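J.: Below is a structure I'd like to ask you about.
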Amino acid sequence: MSTIAAPATAPGRAAIAMVRLSGPLVEALIASRIGRALEPRRATRVRWRDREGHDLDDAVAVFWKGPKSYTGEDVLELSLHGNPLLVRTVLADLALDGVRLAAPGEFTRRALEHGKLSLSQAEAVAAVVDAETRSGLAAARHQLSGGLDAVARTLRGRLLEASALLELETDFAEEEAVPDASRVLPSLDSSLASLDQLLAGQERLLRQNLSPRVALAGRPNAGKSSLANALLGEDRLLVSPQRGTTRDWVEVPLVFPEGVVTLVDTAGLGTAQDEIDAAAQERTRRELERVQLVLVLAEAGRELAPDEEALLSLAGRPTRLLRTKGDLHPEGCEALSVHTGKGLPELRQQLQALLKGDEGFDPAAVALGTARQRNSAQEARSRLADAIAEAHAGRVELAAHHVRHAQAALAELVGETTDEELLETIFSHFCIGK
């Protein structure tokens, strides 16, 4: 197997940039680039040189001797100064000795191939990287620890026993009475309930893991972009008294300790001034269908117009009215003001509360994390439902047939039976250095 290398930190300038290597050439590269062996699992300050012996950087290296490493192979993690030019230079130099750039997710795929991770755990690695909320991150870590695998193993063991009993009944039926499947029905019913719980858990997990999207909607010059800038604490969005300054929806992240709320600043709605304005308003209406909350902004001191009332009654979307420009209206007016800051701390707290999501959600509860896992669980559930129906009807041989297929679907769920094409698809969505 070839030796691979890739940056393991995000591109761009930073304090540190890590380059990760894995494969059979690692020890030889350590000897040639550092000039001495490294004690495994210990961070060591080194001078990293190119193949000609020229110093490239003062770095920190950690050597992981296989199989006690992430990939199961010899691994080197090299922490360099965070200059992208330096990272490119190191990788180009390694390529001269036959080290190739890793494909997306290839380090994790090698961990899978060497038995360090199951497929569901490998998918959890991506979930940990991609989690947008604290509860979603906790749920991904739980799956990475093997929670889903443990549930799947329990279910498969239960179905294996049920399958053996059904086969036994089928054998006896050839010699004497009508076969009896009643003994396995409690186990099949329990397994079906467990799969239903997994499938329901995925829906809750998806809701918890997504960054809440909050749209700022209303008429032109209602103060949408100004409010977004005030919440962000910087002039990120262009603000002008001229009507129609915002032509398209713009997403900006509002960062909290628990995660990120995505603010969506939209084009003002109302009578279109031209074709471009009409197109911008149509995009706004489409975007409002994708958000979790619509904040309808309207200047204080006047009655709401029919189009603003319509925004507040959007079908299937929570909406809330925010009166703006409170500094322009009499004392006692309950309206926000981006100039005085009135009402902004309370609004930030309300947006932050969206990250709590479902109060009853338990990150330690086992749930399905991907569409692939859901499809396998749904196939297992469908087969179990068929097995139960056949067992009730006394058709034991058909019940046994469906239980065997349910077992196969559970094997697919944890990745024991997976084809090459599926693996390529899964790991293509990973980072290059992961």
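Just so we're on the same page: first chain in the structure tokens is A, next is B, and so on; residues restart at 1 for each chain, and ligands are numbered from 1 in the order they show up.
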I want to know what sits within 12 Å of stretch 342-344 of chain A, based on only C-alpha atoms, with residues of the same chain fewer than 2 positions away left out; could you give that as a PyMOL selection string?

T.: chain A and resi 226-233+322-327+331-340+346-351

J.: Nearest to A:His392 among A:Ser2, A:Gln197, A:Ser69, A:Ser182, with distances taken over only C-alpha atoms: which residue is it?

T.: A:Ser182

J.: Given only C-alpha atoms as the basis, pick out the residue of A:Pro212, A:Ala217, A:Arg381, A:Gly394 nearest to A:Thr319.

T.: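 Comparing A:Pro212, A:Ala217, A:Arg381, A:Gly394 against A:Thr319, the winner is A:Ala217.
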
J.: Using only C-alpha atoms, which protein or nucleic acid residues come within 6 Å of A:Ser22? Drop anything in the same chain fewer than 3 positions from it, and give the result as JSON, numbers by chain.

T.: {"A": [3, 4, 74, 75]}

J.: So what do you get for atom CA of A:Val184 versus atom CA of A:Ser120, distance-wise?

T.: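 The value is 28.5 Å.
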
J.: Env of stretch 77-91 of chain A: 6 Å cut, atoms = only C-alpha atoms, seq-sep filter 5 positions within chain, self excluded. Answer as a PyMOL selection string.

T.: chain A and resi 12-20+59-62

J.: Next, dump the selected residues to file, keeping only N, CA and C atoms, as a PDB file, in the first residue's frame.

T.:
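Printed below is result-v4.pdb as written:
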ATOM      1  N   GLY A  12      -4.976  28.094   4.702  1.00  0.00           N
ATOM      2  CA  GLY A  12      -4.839  29.494   5.101  1.00  0.00           C
ATOM      3  C   GLY A  12      -3.778  29.681   6.163  1.00  0.00           C
ATOM      4  N   ARG A  13      -3.466  30.921   6.444  1.00  0.00           N
ATOM      5  CA  ARG A  13      -2.443  31.235   7.446  1.00  0.00           C
ATOM      6  C   ARG A  13      -2.991  31.022   8.847  1.00  0.00           C
ATOM      7  N   ALA A  14      -2.165  30.449   9.713  1.00  0.00           N
ATOM      8  CA  ALA A  14      -2.578  30.172  11.093  1.00  0.00           C
ATOM      9  C   ALA A  14      -1.331  30.019  11.946  1.00  0.00           C
ATOM     10  N   ALA A  15      -1.521  29.806  13.241  1.00  0.00           N
ATOM     11  CA  ALA A  15      -0.376  29.597  14.123  1.00  0.00           C
ATOM     12  C   ALA A  15       0.325  28.288  13.789  1.00  0.00           C
ATOM     13  N   ILE A  16      -0.461  27.244  13.507  1.00  0.00           N
ATOM     14  CA  ILE A  16       0.087  25.911  13.262  1.00  0.00           C
ATOM     15  C   ILE A  16      -0.620  25.300  12.056  1.00  0.00           C
ATOM     16  N   ALA A  17       0.120  24.555  11.271  1.00  0.00           N
ATOM     17  CA  ALA A  17      -0.442  23.745  10.188  1.00  0.00           C
ATOM     18  C   ALA A  17       0.082  22.324  10.361  1.00  0.00           C
ATOM     19  N   MET A  18      -0.828  21.354  10.369  1.00  0.00           N
ATOM     20  CA  MET A  18      -0.400  19.975  10.544  1.00  0.00           C
ATOM     21  C   MET A  18      -0.432  19.226   9.208  1.00  0.00           C
ATOM     22  N   VAL A  19       0.621  18.477   8.963  1.00  0.00           N
ATOM     23  CA  VAL A  19       0.672  17.551   7.827  1.00  0.00           C
ATOM     24  C   VAL A  19       0.695  16.142   8.392  1.00  0.00           C
ATOM     25  N   ARG A  20      -0.187  15.302   7.875  1.00  0.00           N
ATOM     26  CA  ARG A  20      -0.279  13.919   8.368  1.00  0.00           C
ATOM     27  C   ARG A  20       0.183  12.964   7.277  1.00  0.00           C
ATOM     28  N   ALA A  59       9.815  22.155  13.780  1.00  0.00           N
ATOM     29  CA  ALA A  59       8.481  21.569  13.885  1.00  0.00           C
ATOM     30  C   ALA A  59       8.361  20.686  15.119  1.00  0.00           C
ATOM     31  N   VAL A  60       7.131  20.221  15.353  1.00  0.00           N
ATOM     32  CA  VAL A  60       6.855  19.230  16.395  1.00  0.00           C
ATOM     33  C   VAL A  60       6.295  17.993  15.704  1.00  0.00           C
ATOM     34  N   ALA A  61       6.893  16.839  15.982  1.00  0.00           N
ATOM     35  CA  ALA A  61       6.488  15.604  15.319  1.00  0.00           C
ATOM     36  C   ALA A  61       6.007  14.586  16.349  1.00  0.00           C
ATOM     37  N   VAL A  62       4.966  13.854  15.983  1.00  0.00           N
ATOM     38  CA  VAL A  62       4.476  12.738  16.791  1.00  0.00           C
ATOM     39  C   VAL A  62       4.385  11.518  15.880  1.00  0.00           C
TER      40      VAL A  62
END

J.: For A:Glu420, please output as a list in words all residues within 12 Å (counting only C-alpha atoms; exclusion window: fewer than 6 positions along the same chain).

T.: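 Contacts, in chain order: Arg109, Glu113, Ile426 and Phe427 of chain A.
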
J.: What does the distance from atom CA of A:Ala408 to atom CA of A:Leu155 come to in Å, to one decimal?

T.: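 One can read the atom CA of A:Ala408 to atom CA of A:Leu155 distance as 11.6 Å.
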